Amino acid sequence: MARLTGARPVAARRWGCAAAAVFLLLLTVQAAQKADLSGDATAATINHSLTLLQRLQELLQYGNGSDSVLRVRTAASDEAKVFHTHQLLLSLQSEVFESLLRNQSVVTLHEPPETAALFEKFIKYLYCGGVSILLHQAIPMHQLASKYRVWGLQRGVADYMKTHLASESSQGHVVGWYHYAVRIGDAALQESCLQFLAWNLSAVLGSAEWGSVSVELLLLLLERSDLVLHSELELYTAVEGWLGRQQPEGPMAERVLRAIRYPMIAPSQLFRLQAQSAVLARHYSAVQDLLFQAFQFHAASPLHFAKYFDVNCSMFLPRNYLAPSWGSQWVINNPARDDRSTSFQTQLGPSSHDAGKRVTWNVLFSPRWLPISLRPVYSDSVSGAVQPVRIEDGRPRLVITPAMSSPDFAGVSFQKTVLVGVRQQGRVLVKHAYSFHQSSDEVADFLAHADLQKRTSEYLIDNSLHLHIIIKPVYHSLIKVKK
């Protein structure tokens, strides 16, 4: 787009710096015309902004009336790419360019190859206020916007990254974006990437980007109890592969292995890991105590185990496992129509002592449940009259309750997690997760922003609500742990 050294203008019309001033004047006049005509019924807007943008693009493309030159060099090339530009337009968008061009008309800029490749797009944005980018271009474009302090473009690229986490790419991109967010200190982008990785970990474990996860990111993920994956064994297998490829130093590898929740793995699988895992054999002394504790956990009754060990810690807390023994999928067709119900069974607890005991759960979904404050009540003034209630005043509600009670429930509480699957960029992923506590089955924010009446709602897939309900049994110490 930009004119290179030696290129000749094609357009006959000459544009000078006055063109930029005319551009600003036109915007001012347009705003004034809107204000003047706002009260007139015959008012009309004559809009030639697209023509103006086209002329601004020509101004950049042919370099007519240029009063400044940017020479972009990279260490990998002896040639410089030259842009004939206009100081006023660059200065309006970037305080850095305003400073650089204040006392000189030719400026040499040194850029790495990845940002130099996008410099033409970047300059075009400064002239026209718009730019199209691809996934692999997000980081270098954000780097250019940050370096030259083009704040609008910087925010725009950051928003693009947050809304395209689910986009599919051959090598993956969320891990790279997370590491970039850490480097630049963008906490919001960092948290968005981390949450996406946690809620869609199974998809990440099987992708090419799993190998690019840093040890710091891996440890952050392993600390979380909201990881969504099939089982703890799946996580261990992926971590074993990561350790084999990355070969971190011994102490760091041991930290990673100690973050696995071995009590959440069945004894038969633990025996197989001890016999077959080369990584576990290499670092066995570092995790021997955890493995022994896991076997004790599975061998004793939870109440007896809790007398001697602190079960109120992350090691004994299940993550969001998708295996059938931990919950059930539920697809609700036309969820805005009427109340629905279902039931399913889970194991009582993660201990082998409780794995054979089943708990039946009843689930009620109501798309238009009314809070107490909005429920109809009888009026004192008119006998039999009730307050009018609009259907749209209701909000979705989900109630999950056990179908029975049992003495086996002693010392066990049940945390409930509901995942909502959404379709983004052609893939079904988890974007929303809600937690239900033991004391309350009603969550105030459950589908609070979901418009279930609209077929285009991001919460719906083919006009259906795709839920996955997970029951997380948590053991509690009834007797003080012996010191």
# chains A, B, ... in the order shown; residues from 1 in each chain; ligands from 1
$ residues_around --residues "Asn333 in chain A" --least-positions-apart "2" --cutoff "8 Å" --atoms "only C-alpha atoms" --output "ChimeraX atom specification"
/A:331,335,463-465
$ write_last_selection --atoms "N, CA and C atoms" --output "PDB file, in the first residue's frame"
ATOM      1  N   VAL A 331     -28.891 -32.099  27.641  1.00  0.00           N
ATOM      2  CA  VAL A 331     -29.227 -31.209  26.537  1.00  0.00           C
ATOM      3  C   VAL A 331     -30.713 -30.882  26.630  1.00  0.00           C
ATOM      4  N   PRO A 335     -35.148 -24.432  25.550  1.00  0.00           N
ATOM      5  CA  PRO A 335     -35.116 -24.209  27.006  1.00  0.00           C
ATOM      6  C   PRO A 335     -35.997 -23.067  27.492  1.00  0.00           C
ATOM      7  N   ASN A 463     -30.565 -24.091  19.077  1.00  0.00           N
ATOM      8  CA  ASN A 463     -31.740 -23.818  19.918  1.00  0.00           C
ATOM      9  C   ASN A 463     -31.833 -24.737  21.128  1.00  0.00           C
ATOM     10  N   SER A 464     -30.708 -25.330  21.542  1.00  0.00           N
ATOM     11  CA  SER A 464     -30.691 -26.199  22.719  1.00  0.00           C
ATOM     12  C   SER A 464     -29.640 -25.710  23.696  1.00  0.00           C
ATOM     13  N   LEU A 465     -29.925 -25.926  24.983  1.00  0.00           N
ATOM     14  CA  LEU A 465     -28.998 -25.570  26.046  1.00  0.00           C
ATOM     15  C   LEU A 465     -28.203 -26.814  26.409  1.00  0.00           C
TER      16      LEU A 465
END
$ residues_around --residues "range 189-195 of chain A" --least-positions-apart "6" --cutoff "7 Å" --atoms "only C-alpha atoms" --output "list in words"
Lys162, Val174, Tyr178, Ala181 and Val182 of chain A
$ select_by_dssp --residues "range 290-422 of chain A" --states "strand (DSSP E)" --output "PyMOL selection string"
chain A and resi 320-321+327-333+340-347+358-369+395-402+412-422
$ closest_atom_pairs --of "range 456-481 of chain A" --to "range 419-431 of chain A" --cutoff "7 Å" --atoms "only C-alpha atoms" --output "Markdown table"
| residue | atom | partner | partner_atom | distance |
| --- | --- | --- | --- | --- |
| A:Glu458 | CA | A:Val422 | CA | 6.2 |
| A:Tyr459 | CA | A:Val422 | CA | 5.6 |
| A:Leu460 | CA | A:Val422 | CA | 6.4 |
| A:Ile461 | CA | A:Arg423 | CA | 6.3 |
| A:His466 | CA | A:Gly421 | CA | 5.3 |
| A:Leu467 | CA | A:Val420 | CA | 4.8 |
| A:His468 | CA | A:Leu419 | CA | 5.1 |
| A:Ile469 | CA | A:Leu419 | CA | 6.5 |
$ write_last_selection --atoms "N, CA and C atoms" --output "short mmCIF file (atom, residue, chain, number, x, y, z; two decimals), in the first residue's frame"
data_model
loop_
_atom_site.label_atom_id
_atom_site.label_comp_id
_atom_site.auth_asym_id
_atom_site.auth_seq_id
_atom_site.Cartn_x
_atom_site.Cartn_y
_atom_site.Cartn_z
N GLU A 458 -25.69 -16.87 22.36
CA GLU A 458 -24.44 -17.62 22.42
C GLU A 458 -24.53 -18.79 23.40
N TYR A 459 -25.54 -18.79 24.27
CA TYR A 459 -25.71 -19.87 25.23
C TYR A 459 -26.39 -21.09 24.61
N LEU A 460 -26.89 -20.97 23.40
CA LEU A 460 -27.63 -22.05 22.77
C LEU A 460 -26.85 -22.63 21.59
N ILE A 461 -27.01 -23.93 21.40
CA ILE A 461 -26.46 -24.61 20.23
C ILE A 461 -27.64 -25.28 19.52
N HIS A 466 -26.89 -26.76 26.25
CA HIS A 466 -26.02 -27.90 26.51
C HIS A 466 -25.35 -27.73 27.87
N LEU A 467 -25.80 -28.52 28.83
CA LEU A 467 -25.25 -28.46 30.19
C LEU A 467 -24.47 -29.73 30.51
N HIS A 468 -23.50 -29.59 31.37
CA HIS A 468 -22.83 -30.76 31.97
C HIS A 468 -22.80 -30.51 33.47
N ILE A 469 -23.52 -31.34 34.21
CA ILE A 469 -23.63 -31.17 35.66
C ILE A 469 -22.61 -32.09 36.34
#
$ closest_residue --among "A:Asp186, A:Asp78, A:Asp226, A:Glu111" --to "Ser314 in chain A" --atoms "only C-alpha atoms"
A:Asp226
$ residues_around --residues "range 251-261 of chain A" --least-positions-apart "3" --cutoff "6 Å" --atoms "only C-alpha atoms" --output "PyMOL selection string"
chain A and resi 222+248+264+315
